[in-house]
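Report on one structure; see the data block that follows.
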Amino acid sequence: MIQRDIFVSYSQPDRDCAFQLAAQLETDGLGVWIAPRDISPAADWAAEIIDAISASRIMVLVFSSHCNDSPQVRREVERGCAGCPDFK
């Protein structure tokens, strides 16, 4: 897995916003990992996402009412914050 600067987490209804954000960050010279663009064909999606979170320096959450209702976003945030001393 290639280390990236940023992992972008988003709920599907916020896809366009997330991809615009990723494009702007990349224009600014940052390495961005975003699903499904960066998931290898025939890969185990869950494993790829876990690896990408681990390989990224930071996680950016596209925060909206949609992400509050997304179990997948919740899992990504929990994984991204694992080990953070103030995260509960």
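By order in the structure tokens, chains are A, B, ...; within a chain, residues start at 1; ligands start at 1, following the order shown.
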
For Ser9 (chain A): contacts at 8 Å, only C-alpha atoms, fewer than 6 positions along chain excluded, given as a ChimeraX atom specification: /A:18,34,59-62,73,76-77

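Here CA of Ser11 (chain A) stands at a distance of 17.0 Å from CA of Glu48 (chain A).
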
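CA of Phe19 (chain A) is found 15.5 Å from CA of Asp5 (chain A).
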
Rank nothing, just name the residue among A:Thr27, A:Gln20, A:Ser54, A:Ser40 nearest to Cys81 (chain A), using only C-alpha atoms.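 Result for the nearest residue to Cys81 (chain A): A:Ser54.
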
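Distances from A:Ile6, A:Leu30, A:Cys67, A:Cys84 to Ala55 (chain A) were compared using only C-alpha atoms, and the smallest one belongs to A:Ile6.
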
Smallest atom-to-atom distance to Ser70 (chain A): which of A:Val8, A:Ala42, A:Ala22, A:Pro13, using only C-alpha atoms?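 Ranked by minimum distance to Ser70 (chain A), first place goes to A:Pro13.
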
Can you pull out every residue from chain A that DSSP, working from the backbone, puts in strand (DSSP E), and format the result as a list in words? Arg4, Asp5, Ile6, Phe7, Val8, Ser9, Val32, Trp33, Ser56, Arg57, Ile58, Met59, Val60 and Leu61 of chain A

Excluding same-chain residues fewer than 4 positions from Ile49 (chain A), what lies within 8 Å of it counting only C-alpha atoms, as a list in words?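 The contact residues come out as Ala35, Ile39, Trp45, Ile53 and Glu76 of chain A.
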